[in-house]
file start05.csv (CSV, C-alpha atoms)
chain,number,residue,atom,x,y,z
A,1,MET,CA,87.9,-64.7,173.6
A,2,LYS,CA,85.9,-65.1,170.4
A,3,ALA,CA,83.9,-62.2,169.2
A,4,VAL,CA,81.9,-61.1,166.1
A,5,THR,CA,83.7,-58.1,164.6
A,6,TRP,CA,82.8,-55.7,161.9
A,7,GLN,CA,85.3,-55.6,159.0
A,8,GLY,CA,83.4,-53.7,156.3
A,9,ARG,CA,80.1,-53.5,154.6
A,10,ARG,CA,78.5,-56.9,154.6
A,11,LYS,CA,81.8,-58.3,155.9
A,12,LEU,CA,82.0,-59.7,159.4
A,13,SER,CA,84.5,-62.1,161.0
A,14,VAL,CA,84.7,-64.1,164.3
A,15,ASP,CA,88.1,-63.2,165.8
A,16,ASN,CA,90.1,-63.9,168.8
A,17,VAL,CA,90.3,-60.7,170.8
A,18,ALA,CA,91.4,-59.7,174.3
A,19,ASP,CA,89.0,-60.6,177.1
A,20,PRO,CA,87.3,-57.6,178.6
A,21,ILE,CA,88.5,-56.3,182.0
A,22,LEU,CA,87.0,-54.2,184.8
A,23,LEU,CA,87.6,-50.6,183.9
A,24,GLU,CA,85.5,-49.0,186.6
A,25,PRO,CA,84.6,-50.2,190.1
A,26,THR,CA,80.9,-50.2,189.0
A,27,ASP,CA,81.7,-52.7,186.1
A,28,ALA,CA,80.9,-56.4,185.9
A,29,ILE,CA,82.1,-59.1,183.5
A,30,ILE,CA,79.7,-61.7,182.3
A,31,LYS,CA,80.2,-64.9,180.5
A,32,VAL,CA,77.8,-64.8,177.6
A,33,THR,CA,75.6,-67.9,177.3
A,34,SER,CA,73.2,-66.7,174.6
A,35,THR,CA,73.3,-63.6,172.3
A,36,ALA,CA,71.0,-62.8,169.4
A,37,ILE,CA,71.2,-61.0,166.0
A,38,CYS,CA,68.8,-58.1,166.0
A,39,GLY,CA,67.2,-56.5,163.0
A,40,SER,CA,69.0,-53.3,163.9
A,41,ASP,CA,72.3,-55.1,163.6
A,42,LEU,CA,71.6,-55.4,159.9
A,43,HIS,CA,71.8,-51.6,159.8
A,44,LEU,CA,75.5,-52.0,160.8
A,45,TYR,CA,76.0,-54.8,158.4
A,46,GLU,CA,74.5,-52.8,155.5
A,47,LEU,CA,74.5,-49.0,156.1
A,48,LEU,CA,76.2,-47.5,159.1
A,49,GLY,CA,79.8,-48.4,158.3
A,50,PRO,CA,80.8,-44.7,158.4
A,51,PHE,CA,80.3,-44.8,162.1
A,52,LEU,CA,82.2,-48.1,162.7
A,53,ASP,CA,85.8,-49.0,162.9
A,54,GLN,CA,87.3,-52.3,161.7
A,55,GLY,CA,87.3,-54.7,164.6
A,56,ASP,CA,84.4,-53.2,166.5
A,57,ILE,CA,82.5,-56.0,168.4
A,58,LEU,CA,78.8,-56.1,167.5
A,59,GLY,CA,75.8,-57.3,169.4
A,60,HIS,CA,73.3,-55.9,171.9
A,61,GLU,CA,71.0,-58.8,172.9
A,62,PRO,CA,73.1,-60.8,175.4
A,63,MET,CA,72.6,-62.7,178.6
A,64,GLY,CA,74.9,-64.8,180.7
A,65,VAL,CA,76.5,-65.5,184.1
A,66,VAL,CA,78.4,-63.0,186.2
A,67,VAL,CA,82.1,-64.0,186.6
A,68,GLU,CA,83.6,-60.8,188.1
A,69,VAL,CA,82.4,-57.6,189.7
A,70,GLY,CA,84.0,-54.3,190.6
A,71,ASN,CA,84.3,-53.3,194.3
A,72,ALA,CA,81.5,-50.8,194.0
A,73,VAL,CA,79.0,-53.3,192.7
A,74,THR,CA,76.5,-54.2,195.4
A,75,SER,CA,73.6,-56.2,193.9
A,76,LEU,CA,75.6,-58.8,191.8
A,77,LYS,CA,77.9,-61.6,192.6
A,78,PRO,CA,79.7,-64.2,190.6
A,79,GLY,CA,77.3,-67.0,189.5
A,80,ASP,CA,74.3,-64.7,189.1
A,81,ARG,CA,72.4,-65.2,185.9
A,82,VAL,CA,71.6,-62.0,184.2
A,83,VAL,CA,70.0,-60.4,181.1
A,84,ILE,CA,71.7,-57.2,179.8
A,85,PRO,CA,69.5,-54.4,178.5
A,86,PHE,CA,70.9,-53.0,175.2
A,87,ASN,CA,70.9,-49.4,176.5
A,88,ILE,CA,73.3,-48.3,179.2
A,89,ALA,CA,71.8,-46.1,181.8
A,90,CYS,CA,72.5,-44.9,185.4
A,91,GLY,CA,69.0,-45.3,186.9
A,92,GLN,CA,69.4,-42.0,188.9
A,93,CYS,CA,69.4,-39.1,186.5
A,94,PHE,CA,66.4,-36.9,185.5
A,95,MET,CA,65.7,-39.0,182.5
A,96,CYS,CA,66.1,-42.4,184.1
A,97,GLN,CA,63.8,-41.4,187.0
A,98,ARG,CA,61.1,-40.6,184.4
A,99,GLY,CA,61.4,-44.0,182.7
A,100,LEU,CA,63.4,-42.6,179.8
A,101,GLN,CA,66.5,-44.8,180.2
A,102,SER,CA,67.3,-44.5,176.5
A,103,GLN,CA,67.9,-40.8,177.1
A,104,CYS,CA,70.1,-41.3,180.3
A,105,GLU,CA,71.9,-38.0,181.0
A,106,THR,CA,74.9,-39.9,182.5
A,107,THR,CA,75.7,-41.9,179.4
A,108,GLN,CA,74.4,-39.6,176.6
A,109,VAL,CA,76.9,-39.5,173.8
A,110,HIS,CA,77.3,-35.7,173.6
A,111,SER,CA,80.0,-35.8,170.9
A,112,GLN,CA,77.3,-37.2,168.5
A,113,GLY,CA,74.3,-35.4,169.9
A,114,SER,CA,72.8,-38.9,170.7
A,115,GLY,CA,71.0,-40.4,173.6
A,116,ALA,CA,72.2,-43.1,176.0
A,117,ALA,CA,75.1,-45.3,175.0
A,118,LEU,CA,74.3,-48.7,173.6
A,119,PHE,CA,76.2,-52.0,173.5
A,120,GLY,CA,77.8,-52.8,170.1
A,121,TYR,CA,76.3,-49.9,168.2
A,122,THR,CA,78.8,-47.5,166.5
A,123,LYS,CA,80.3,-44.2,167.4
A,124,LEU,CA,76.8,-42.7,167.3
A,125,TYR,CA,76.1,-44.5,170.6
A,126,GLY,CA,79.4,-44.6,172.4
A,127,GLN,CA,81.2,-47.5,170.5
A,128,ILE,CA,80.9,-49.8,173.5
A,129,PRO,CA,82.1,-53.4,172.7
A,130,GLY,CA,79.0,-55.5,172.1
A,131,GLY,CA,77.7,-58.8,173.4
A,132,GLN,CA,78.2,-61.2,170.4
A,133,ALA,CA,81.2,-62.5,172.2
A,134,GLU,CA,82.2,-65.0,174.9
A,135,TYR,CA,82.5,-62.3,177.5
A,136,LEU,CA,81.1,-58.8,178.0
A,137,ARG,CA,82.0,-55.9,180.2
A,138,VAL,CA,78.8,-54.3,181.7
A,139,PRO,CA,79.2,-50.7,182.8
A,140,LEU,CA,77.1,-49.5,185.8
A,141,ALA,CA,76.4,-53.1,186.3
A,142,ASP,CA,74.0,-52.8,189.3
A,143,TYR,CA,71.5,-51.0,187.1
A,144,ASN,CA,72.3,-52.5,183.7
A,145,SER,CA,71.6,-56.1,184.5
A,146,VAL,CA,68.4,-57.9,185.2
A,147,LYS,CA,68.8,-60.9,187.5
A,148,VAL,CA,66.7,-64.0,186.4
A,149,GLY,CA,66.1,-67.4,187.7
A,150,THR,CA,68.0,-70.6,186.9
A,151,ASP,CA,65.2,-73.0,186.1
A,152,LEU,CA,64.1,-71.8,182.7
A,153,PRO,CA,66.0,-71.9,179.4
A,154,ASP,CA,67.8,-68.8,178.1
A,155,GLU,CA,65.2,-68.2,175.4
A,156,ARG,CA,62.6,-67.5,178.1
A,157,TYR,CA,64.6,-64.5,179.2
A,158,LEU,CA,67.0,-63.5,176.4
A,159,PHE,CA,64.6,-61.2,174.6
A,160,LEU,CA,64.1,-59.0,177.6
A,161,SER,CA,67.4,-57.5,176.5
A,162,ASP,CA,65.8,-55.6,173.6
A,163,ILE,CA,63.1,-56.9,171.3
A,164,LEU,CA,60.4,-57.8,173.8
A,165,PRO,CA,60.5,-54.5,175.7
A,166,THR,CA,60.7,-52.8,172.3
A,167,ALA,CA,57.5,-54.4,171.2
A,168,TRP,CA,55.8,-53.7,174.5
A,169,GLN,CA,56.8,-50.0,174.2
A,170,GLY,CA,55.7,-49.9,170.6
A,171,VAL,CA,52.2,-51.0,171.6
A,172,GLN,CA,52.1,-48.6,174.6
A,173,TYR,CA,53.1,-45.7,172.3
A,174,ALA,CA,50.4,-46.7,169.8
A,175,ASN,CA,47.7,-45.5,172.2
A,176,VAL,CA,45.2,-48.1,171.0
A,177,PRO,CA,41.8,-47.4,172.5
A,178,ALA,CA,40.1,-50.1,174.6
A,179,GLY,CA,38.9,-52.8,172.3
A,180,GLY,CA,40.5,-51.0,169.3
A,181,THR,CA,42.3,-52.2,166.3
A,182,VAL,CA,46.0,-52.0,165.6
A,183,ALA,CA,47.8,-52.8,162.4
A,184,VAL,CA,51.4,-54.0,162.4
A,185,MET,CA,53.7,-53.3,159.5
A,186,GLY,CA,56.4,-56.0,159.4
A,187,LEU,CA,56.6,-59.4,161.0
A,188,GLY,CA,60.3,-59.6,161.8
A,189,PRO,CA,61.2,-60.4,165.4
A,190,VAL,CA,59.9,-57.1,166.8
A,191,GLY,CA,56.8,-57.2,164.7
A,192,GLN,CA,56.0,-60.8,165.9
A,193,PHE,CA,56.2,-59.7,169.5
A,194,VAL,CA,54.2,-56.5,168.8
A,195,THR,CA,51.3,-58.6,167.4
A,196,ARG,CA,51.4,-61.0,170.4
A,197,VAL,CA,51.6,-58.2,173.0
A,198,ALA,CA,48.7,-56.3,171.3
A,199,ARG,CA,46.6,-59.5,171.2
A,200,HIS,CA,47.5,-60.2,174.9
A,201,LEU,CA,46.3,-56.7,175.8
A,202,GLY,CA,42.9,-57.3,174.1
A,203,TYR,CA,43.2,-55.5,170.8
A,204,GLU,CA,42.2,-56.7,167.4
A,205,VAL,CA,45.5,-57.2,165.5
A,206,LEU,CA,46.0,-57.0,161.7
A,207,ALA,CA,49.6,-57.6,160.4
A,208,VAL,CA,51.3,-57.1,157.0
A,209,ASP,CA,54.5,-58.8,155.7
A,210,PRO,CA,55.6,-60.1,152.3
A,211,VAL,CA,57.3,-63.2,153.7
A,212,PRO,CA,55.1,-66.3,153.9
A,213,GLU,CA,57.1,-67.9,156.8
A,214,ARG,CA,56.7,-64.7,158.9
A,215,ARG,CA,52.9,-64.6,158.2
A,216,ALA,CA,52.6,-68.3,159.1
A,217,MET,CA,54.4,-67.7,162.5
A,218,ALA,CA,52.0,-64.9,163.3
A,219,GLU,CA,49.0,-66.9,162.3
A,220,ARG,CA,50.0,-69.6,164.8
A,221,HIS,CA,49.4,-67.0,167.5
A,222,GLY,CA,46.0,-66.0,166.2
A,223,ILE,CA,47.0,-63.0,164.2
A,224,GLU,CA,45.1,-62.0,161.0
A,225,THR,CA,47.8,-61.4,158.3
A,226,TRP,CA,48.1,-59.9,154.8
A,227,ASP,CA,50.7,-60.1,152.1
A,228,LEU,CA,52.2,-56.9,151.0
A,229,THR,CA,50.7,-55.9,147.7
A,230,ASP,CA,49.8,-52.7,145.8
A,231,ASP,CA,46.3,-52.8,147.3
A,232,THR,CA,47.0,-54.0,150.9
A,233,THR,CA,46.2,-50.5,152.3
A,234,VAL,CA,42.9,-50.5,150.5
A,235,GLN,CA,42.1,-53.9,151.8
A,236,LEU,CA,42.9,-53.0,155.4
A,237,LYS,CA,40.8,-49.9,155.2
A,238,GLU,CA,37.9,-51.9,153.9
A,239,ARG,CA,38.5,-54.4,156.8
A,240,THR,CA,38.2,-51.5,159.3
A,241,PHE,CA,34.9,-49.9,158.0
A,242,GLY,CA,36.7,-47.7,155.5
A,243,ARG,CA,38.4,-45.7,158.2
A,244,GLY,CA,41.6,-47.5,158.8
A,245,PRO,CA,42.8,-49.0,162.1
A,246,ASP,CA,42.9,-46.9,165.3
A,247,SER,CA,46.7,-47.3,165.5
A,248,VAL,CA,49.6,-48.6,163.4
A,249,VAL,CA,52.9,-49.9,164.6
A,250,ASP,CA,55.7,-49.6,162.0
A,251,ALA,CA,58.0,-52.5,163.0
A,252,VAL,CA,60.0,-52.3,159.8
A,253,GLY,CA,62.2,-49.1,159.8
A,254,MET,CA,64.9,-48.4,157.3
A,255,GLU,CA,65.3,-52.0,156.1
A,256,ALA,CA,61.9,-51.6,154.3
A,257,HIS,CA,61.8,-52.3,150.6
A,258,GLY,CA,60.0,-50.4,147.9
A,259,ASN,CA,62.0,-47.1,147.5
A,260,PRO,CA,64.6,-47.4,144.7
A,261,VAL,CA,65.7,-43.7,145.2
A,262,ALA,CA,66.5,-44.2,148.8
A,263,GLY,CA,68.1,-47.5,148.0
A,264,PHE,CA,70.4,-45.7,145.6
A,265,ALA,CA,71.1,-43.1,148.3
A,266,GLN,CA,72.0,-45.8,150.8
A,267,ALA,CA,74.4,-47.4,148.3
A,268,ALA,CA,76.0,-44.0,147.5
A,269,VAL,CA,76.6,-43.2,151.1
A,270,GLY,CA,78.2,-46.6,151.6
A,271,ILE,CA,81.0,-45.9,149.1
A,272,LEU,CA,81.8,-42.4,150.3
A,273,PRO,CA,84.8,-41.8,152.6
A,274,ASP,CA,83.6,-42.1,156.2
A,275,ALA,CA,83.7,-38.4,157.1
A,276,LEU,CA,81.7,-37.5,154.0
A,277,ALA,CA,79.3,-40.4,154.5
A,278,ARG,CA,78.6,-39.2,158.1
A,279,LYS,CA,77.9,-35.7,156.8
A,280,ALA,CA,75.6,-37.1,154.0
A,281,MET,CA,73.5,-38.8,156.6
A,282,ASP,CA,73.0,-35.5,158.3
A,283,VAL,CA,71.9,-33.6,155.2
A,284,ALA,CA,70.2,-36.3,153.0
A,285,GLY,CA,67.1,-38.4,153.2
A,286,ILE,CA,68.6,-41.9,153.0
A,287,ASP,CA,65.9,-44.1,154.6
A,288,ARG,CA,63.5,-46.3,152.7
A,289,LEU,CA,60.3,-44.8,154.0
A,290,ALA,CA,57.7,-47.1,152.3
A,291,ALA,CA,56.6,-48.6,155.6
A,292,MET,CA,56.3,-45.3,157.4
A,293,HIS,CA,54.4,-43.7,154.6
A,294,ALA,CA,52.0,-46.7,154.3
A,295,SER,CA,51.4,-46.5,158.1
A,296,ILE,CA,50.5,-42.8,157.9
A,297,ASP,CA,48.2,-43.5,154.9
A,298,LEU,CA,46.6,-46.4,156.6
A,299,VAL,CA,45.9,-45.2,160.1
A,300,ARG,CA,42.4,-43.7,160.7
A,301,ARG,CA,42.0,-39.9,161.1
A,302,GLY,CA,42.9,-39.0,164.6
A,303,GLY,CA,44.8,-42.2,165.1
A,304,THR,CA,48.4,-42.9,166.2
A,305,VAL,CA,51.4,-44.3,164.4
A,306,SER,CA,54.1,-45.8,166.6
A,307,LEU,CA,57.6,-46.3,165.2
A,308,SER,CA,59.4,-49.3,166.5
A,309,GLY,CA,61.6,-49.7,163.5
A,310,VAL,CA,64.9,-47.7,163.4
A,311,TYR,CA,65.4,-44.8,161.0
A,312,SER,CA,68.7,-43.0,160.6
A,313,GLY,CA,68.3,-40.3,157.9
A,314,GLU,CA,68.3,-36.7,159.2
A,315,ALA,CA,66.5,-35.2,156.2
A,316,ASP,CA,63.9,-37.8,155.3
A,317,MET,CA,60.8,-36.4,153.7
A,318,MET,CA,57.6,-36.7,155.8
A,319,PRO,CA,54.1,-36.3,154.4
A,320,MET,CA,53.3,-33.3,156.7
A,321,LYS,CA,50.2,-32.2,154.8
A,322,THR,CA,48.7,-35.6,155.2
A,323,MET,CA,49.7,-35.9,158.8
A,324,PHE,CA,48.3,-32.5,159.7
A,325,ASP,CA,45.1,-33.1,157.7
A,326,LYS,CA,44.4,-36.5,159.3
A,327,GLN,CA,45.4,-35.2,162.7
A,328,VAL,CA,47.8,-38.2,163.1
A,329,SER,CA,49.9,-38.6,166.3
A,330,LEU,CA,53.4,-39.9,165.8
A,331,ARG,CA,55.3,-41.6,168.7
A,332,MET,CA,58.8,-43.1,168.5
A,333,GLY,CA,62.1,-43.7,170.2
A,334,GLN,CA,64.7,-46.2,171.4
A,335,CYS,CA,63.2,-48.6,173.9
A,336,ASN,CA,63.5,-47.7,177.6
A,337,VAL,CA,64.1,-51.4,178.5
A,338,LYS,CA,64.2,-51.1,182.3
A,339,ASN,CA,60.9,-49.2,182.3
A,340,TRP,CA,59.1,-52.3,181.1
A,341,ILE,CA,60.8,-55.2,182.8
A,342,GLY,CA,58.3,-55.2,185.7
A,343,ASP,CA,55.4,-55.6,183.2
A,344,LEU,CA,57.1,-58.3,181.2
A,345,MET,CA,58.9,-60.5,183.7
A,346,PRO,CA,55.7,-62.2,185.0
A,347,LEU,CA,54.6,-63.0,181.4
A,348,VAL,CA,58.0,-64.4,180.5
A,349,GLU,CA,58.0,-66.6,183.5
A,350,ASP,CA,54.4,-67.7,183.1
A,351,PRO,CA,54.3,-71.5,182.4
A,352,ALA,CA,51.7,-70.8,179.7
A,353,ASP,CA,54.1,-68.5,177.8
A,354,PRO,CA,51.4,-66.0,176.8
A,355,LEU,CA,53.7,-64.0,174.6
A,356,GLY,CA,55.1,-67.1,172.9
A,357,VAL,CA,58.8,-66.3,173.6
A,358,MET,CA,59.6,-70.0,173.0
A,359,ASP,CA,58.2,-69.7,169.4
A,360,LEU,CA,60.4,-67.1,167.8
A,361,VAL,CA,63.9,-68.5,167.3
A,362,THR,CA,64.3,-70.3,164.0
A,363,HIS,CA,68.1,-70.7,164.0
A,364,THR,CA,70.4,-71.5,167.0
A,365,VAL,CA,74.0,-71.8,166.0
A,366,ASP,CA,77.6,-71.6,167.3
A,367,ILE,CA,79.0,-68.1,167.3
A,368,ASP,CA,81.5,-69.2,164.6
A,369,ARG,CA,78.6,-69.2,162.1
A,370,ALA,CA,77.6,-65.5,162.8
A,371,PRO,CA,78.8,-64.1,159.5
A,372,GLU,CA,76.9,-66.7,157.6
A,373,MET,CA,73.7,-66.1,159.7
A,374,TYR,CA,73.9,-62.3,159.2
A,375,GLU,CA,73.6,-62.9,155.5
A,376,THR,CA,70.8,-65.5,155.9
A,377,PHE,CA,68.9,-63.2,158.2
A,378,GLN,CA,69.2,-60.2,155.9
A,379,LYS,CA,68.1,-62.1,152.8
A,380,LYS,CA,65.3,-63.8,154.8
A,381,ASN,CA,66.6,-67.2,153.5
A,382,ASP,CA,65.8,-70.6,155.0
A,383,GLY,CA,62.8,-69.3,156.8
A,384,CYS,CA,65.0,-67.2,159.1
A,385,ILE,CA,63.2,-65.0,161.6
A,386,LYS,CA,65.4,-64.9,164.7
A,387,VAL,CA,69.0,-66.1,165.2
A,388,VAL,CA,70.5,-67.0,168.6
A,389,LEU,CA,74.3,-67.4,168.8
A,390,LYS,CA,75.9,-69.7,171.3
A,391,PRO,CA,79.5,-68.8,172.2
A,392,ALA,CA,81.9,-71.7,171.9
A,393,GLY,CA,82.1,-73.9,174.9
A,394,VAL,CA,78.6,-72.9,176.3
call {"tool": "encode", "arguments": {"input": "start05.csv", "output": "structure tokens"}}
result
Amino acid sequence: MKAVTWQGRRKLSVDNVADPILLEPTDAIIKVTSTAICGSDLHLYELLGPFLDQGDILGHEPMGVVVEVGNAVTSLKPGDRVVIPFNIACGQCFMCQRGLQSQCETTQVHSQGSGAALFGYTKLYGQIPGGQAEYLRVPLADYNSVKVGTDLPDERYLFLSDILPTAWQGVQYANVPAGGTVAVMGLGPVGQFVTRVARHLGYEVLAVDPVPERRAMAERHGIETWDLTDDTTVQLKERTFGRGPDSVVDAVGMEAHGNPVAGFAQAAVGILPDALARKAMDVAGIDRLAAMHASIDLVRRGGTVSLSGVYSGEADMMPMKTMFDKQVSLRMGQCNVKNWIGDLMPLVEDPADPLGVMDLVTHTVDIDRAPEMYETFQKKNDGCIKVVLKPAGV
């Protein structure tokens, strides 16, 4: 089969690799019909090479059709159409029963001290082959698949794999009071959905992004937007009676611009031998924290900052004095996808498309163009906001 593989920093290829096979009786194999490039895939493309091996298959936002199931699988059969959540969980352990599937005790990667295994996401999360491929093996398939209907296009359902539940969780974690105001830092794919979810739930939404095309997309959905300038925080505080918004969602994470010191640290880590680079990530602050620091500065006293963007540095500097003085609450974590499917499925299937899932994809291409599209997405060229890959022959 064809698959998108990691070959080095900013170097991907589409290779012919062995088709996946059933390894456990609880596995299923799906034929992938659509798979997306996620903003967190750019962390693999740019930074997390020390935790990857040449030839690793990327991707964690797939959906498709079941073609084979193990003899212990009871809820799936060949021909079923499914979305595959990006985190791999059992559904039965202490954590899963509390809606914390991203912390599943059955699939936790103990060797790395990490939470639940993820598709296509480095040694840190189990090094499970990902979904940017023609076929995908799904472990614990009864729980790690979401059956969907056959009448609606893939794009109605695809984002249930990651970014739509991630946005929903980001808003839930933001603890916005009834009728309150939430600011969203970053209007990439997750940020777009954060703004739409927050508006759907009745909050006033203010959003910041330096890219005009991203602001224009948000504005189509009734969102008030700002460019990112030196005085954006001041303007937003003035807009919210001098206090700042009740809540802020940081949907940027470590891809944020604006910190040349951290940018140098990222580049330095990237040229170290893998063992040293992995250690450096444990003892150095390597994230660009501009978005997080701006969020903490912006939120009103007693407010909440919700982190949906991914950070990876273990020794990043936090403004603890400011956070304590302002009595800021901070909530974060990998999305617990299955915990939110019940809330989201009716909205995704609603003919009115209240979350605008059909207005996010800017580029739909054959999987052969994946390396090109990673670069386009990272550089924000050609108005690129969300890329969907179609495996050959689909």
call {"tool": "residues_near_point", "arguments": {"input": "start05.csv", "point": "(73.4, -57.1, 156.1)", "cutoff": "6 Å", "atoms": "only C-alpha atoms", "output": "PyMOL selection string"}}
result
chain A and resi 10+42+45-46+375+378
call {"tool": "axis_aligned_box", "arguments": {"input": "start05.csv", "around": "range 182-196 of chain A", "padding_each_side": "5 Å", "output": "lines of an AutoDock Vina configuration file"}}
result
center_x = 53.6
center_y = -56.5
center_z = 164.9
size_x = 25.2
size_y = 19.0
size_z = 21.0
call {"tool": "closest_residue", "arguments": {"input": "start05.csv", "among": "A:Leu330, A:Leu228, A:Val148, A:Leu52", "to": "Gly79 in chain A", "atoms": "only C-alpha atoms"}}
result
A:Val148
call {"tool": "closest_residue", "arguments": {"input": "start05.csv", "among": "A:Gly303, A:Gly356, A:Gly8, A:Pro139", "to": "Cys90 in chain A", "atoms": "only C-alpha atoms"}}
result
A:Pro139
call {"tool": "closest_residue", "arguments": {"input": "start05.csv", "among": "A:Leu389, A:Met320, A:Ala251, A:Met292", "to": "His363 in chain A", "atoms": "all atoms listed in the file"}}
result
A:Leu389
call {"tool": "atom_distance", "arguments": {"input": "start05.csv", "atom1": "CA of Leu124 in chain A", "atom2": "CA of Gly70 in chain A"}}
result
27.0 Å
call {"tool": "residues_around", "arguments": {"input": "start05.csv", "residues": "Leu347 in chain A", "least_positions_apart": "6", "cutoff": "10 Å", "atoms": "all atoms listed in the file", "output": "ChimeraX atom specification"}}
result
/A:156,353-357
call {"tool": "atom_distance", "arguments": {"input": "start05.csv", "atom1": "CA of Pro189 in chain A", "atom2": "CA of Leu12 in chain A"}}
result
21.7 Å
call {"tool": "residues_around", "arguments": {"input": "start05.csv", "residues": "Thr26 in chain A", "least_positions_apart": "4", "cutoff": "8 Å", "atoms": "all atoms listed in the file", "output": "mmCIF file with C-alpha atoms, in the frame of the given file"}}
result
data_model
loop_
_atom_site.group_PDB
_atom_site.id
_atom_site.type_symbol
_atom_site.label_atom_id
_atom_site.label_comp_id
_atom_site.auth_asym_id
_atom_site.auth_seq_id
_atom_site.Cartn_x
_atom_site.Cartn_y
_atom_site.Cartn_z
ATOM 1 C CA VAL A 69 82.400 -57.600 189.700
ATOM 2 C CA GLY A 70 84.000 -54.300 190.600
ATOM 3 C CA ASN A 71 84.300 -53.300 194.300
ATOM 4 C CA ALA A 72 81.500 -50.800 194.000
ATOM 5 C CA VAL A 73 79.000 -53.300 192.700
ATOM 6 C CA PRO A 139 79.200 -50.700 182.800
ATOM 7 C CA LEU A 140 77.100 -49.500 185.800
ATOM 8 C CA ALA A 141 76.400 -53.100 186.300
ATOM 9 C CA ASP A 142 74.000 -52.800 189.300
#
call {"tool": "atom_distance", "arguments": {"input": "start05.csv", "atom1": "CA of Thr322 in chain A", "atom2": "CA of Gly39 in chain A"}}
result
29.0 Å
call {"tool": "closest_residue", "arguments": {"input": "start05.csv", "among": "A:Val299, A:Cys96, A:Trp6, A:Gly383", "to": "Met217 in chain A", "atoms": "only C-alpha atoms"}}
result
A:Gly383
call {"tool": "residues_near_point", "arguments": {"input": "start05.csv", "point": "(72.9, -43.2, 170.6)", "cutoff": "9 Å", "atoms": "only C-alpha atoms", "output": "PDB file with C-alpha atoms, keeping the file's coordinate frame"}}
result
ATOM      1  CA  ASN A  87      70.900 -49.400 176.500  1.00  0.00           C
ATOM      2  CA  SER A 102      67.300 -44.500 176.500  1.00  0.00           C
ATOM      3  CA  GLN A 103      67.900 -40.800 177.100  1.00  0.00           C
ATOM      4  CA  GLN A 108      74.400 -39.600 176.600  1.00  0.00           C
ATOM      5  CA  VAL A 109      76.900 -39.500 173.800  1.00  0.00           C
ATOM      6  CA  GLN A 112      77.300 -37.200 168.500  1.00  0.00           C
ATOM      7  CA  GLY A 113      74.300 -35.400 169.900  1.00  0.00           C
ATOM      8  CA  SER A 114      72.800 -38.900 170.700  1.00  0.00           C
ATOM      9  CA  GLY A 115      71.000 -40.400 173.600  1.00  0.00           C
ATOM     10  CA  ALA A 116      72.200 -43.100 176.000  1.00  0.00           C
ATOM     11  CA  ALA A 117      75.100 -45.300 175.000  1.00  0.00           C
ATOM     12  CA  LEU A 118      74.300 -48.700 173.600  1.00  0.00           C
ATOM     13  CA  TYR A 121      76.300 -49.900 168.200  1.00  0.00           C
ATOM     14  CA  THR A 122      78.800 -47.500 166.500  1.00  0.00           C
ATOM     15  CA  LYS A 123      80.300 -44.200 167.400  1.00  0.00           C
ATOM     16  CA  LEU A 124      76.800 -42.700 167.300  1.00  0.00           C
ATOM     17  CA  TYR A 125      76.100 -44.500 170.600  1.00  0.00           C
ATOM     18  CA  GLY A 126      79.400 -44.600 172.400  1.00  0.00           C
ATOM     19  CA  GLN A 334      64.700 -46.200 171.400  1.00  0.00           C
TER      20      GLN A 334
END
call {"tool": "closest_residue", "arguments": {"input": "start05.csv", "among": "A:Cys335, A:Ile21, A:Val249, A:Leu100", "to": "Pro129 in chain A", "atoms": "all atoms listed in the file"}}
result
A:Ile21
call {"tool": "closest_residue", "arguments": {"input": "start05.csv", "among": "A:Thr106, A:Gln132, A:Ser40, A:Thr33", "to": "Leu58 in chain A", "atoms": "only C-alpha atoms"}}
result
A:Gln132
call {"tool": "residues_around", "arguments": {"input": "start05.csv", "residues": "range 157-173 of chain A", "least_positions_apart": "4", "cutoff": "8 Å", "atoms": "all atoms listed in the file", "output": "PyMOL selection string"}}
result
chain A and resi 34-35+38+60-63+83-86+148+153+189-191+193-194+197-198+249+306-308+331-332+334-337+340-341+344+348+357
call {"tool": "write_last_selection", "arguments": {"input": "start05.csv", "atoms": "C-alpha atoms", "output": "compact mmCIF listing (two decimals), in the frame of the given file"}}
result
# COMPACT_ATOMS: atom_id res chain seq x y z
CA SER A 34 73.20 -66.70 174.60
CA THR A 35 73.30 -63.60 172.30
CA CYS A 38 68.80 -58.10 166.00
CA HIS A 60 73.30 -55.90 171.90
CA GLU A 61 71.00 -58.80 172.90
CA PRO A 62 73.10 -60.80 175.40
CA MET A 63 72.60 -62.70 178.60
CA VAL A 83 70.00 -60.40 181.10
CA ILE A 84 71.70 -57.20 179.80
CA PRO A 85 69.50 -54.40 178.50
CA PHE A 86 70.90 -53.00 175.20
CA VAL A 148 66.70 -64.00 186.40
CA PRO A 153 66.00 -71.90 179.40
CA PRO A 189 61.20 -60.40 165.40
CA VAL A 190 59.90 -57.10 166.80
CA GLY A 191 56.80 -57.20 164.70
CA PHE A 193 56.20 -59.70 169.50
CA VAL A 194 54.20 -56.50 168.80
CA VAL A 197 51.60 -58.20 173.00
CA ALA A 198 48.70 -56.30 171.30
CA VAL A 249 52.90 -49.90 164.60
CA SER A 306 54.10 -45.80 166.60
CA LEU A 307 57.60 -46.30 165.20
CA SER A 308 59.40 -49.30 166.50
CA ARG A 331 55.30 -41.60 168.70
CA MET A 332 58.80 -43.10 168.50
CA GLN A 334 64.70 -46.20 171.40
CA CYS A 335 63.20 -48.60 173.90
CA ASN A 336 63.50 -47.70 177.60
CA VAL A 337 64.10 -51.40 178.50
CA TRP A 340 59.10 -52.30 181.10
CA ILE A 341 60.80 -55.20 182.80
CA LEU A 344 57.10 -58.30 181.20
CA VAL A 348 58.00 -64.40 180.50
CA VAL A 357 58.80 -66.30 173.60
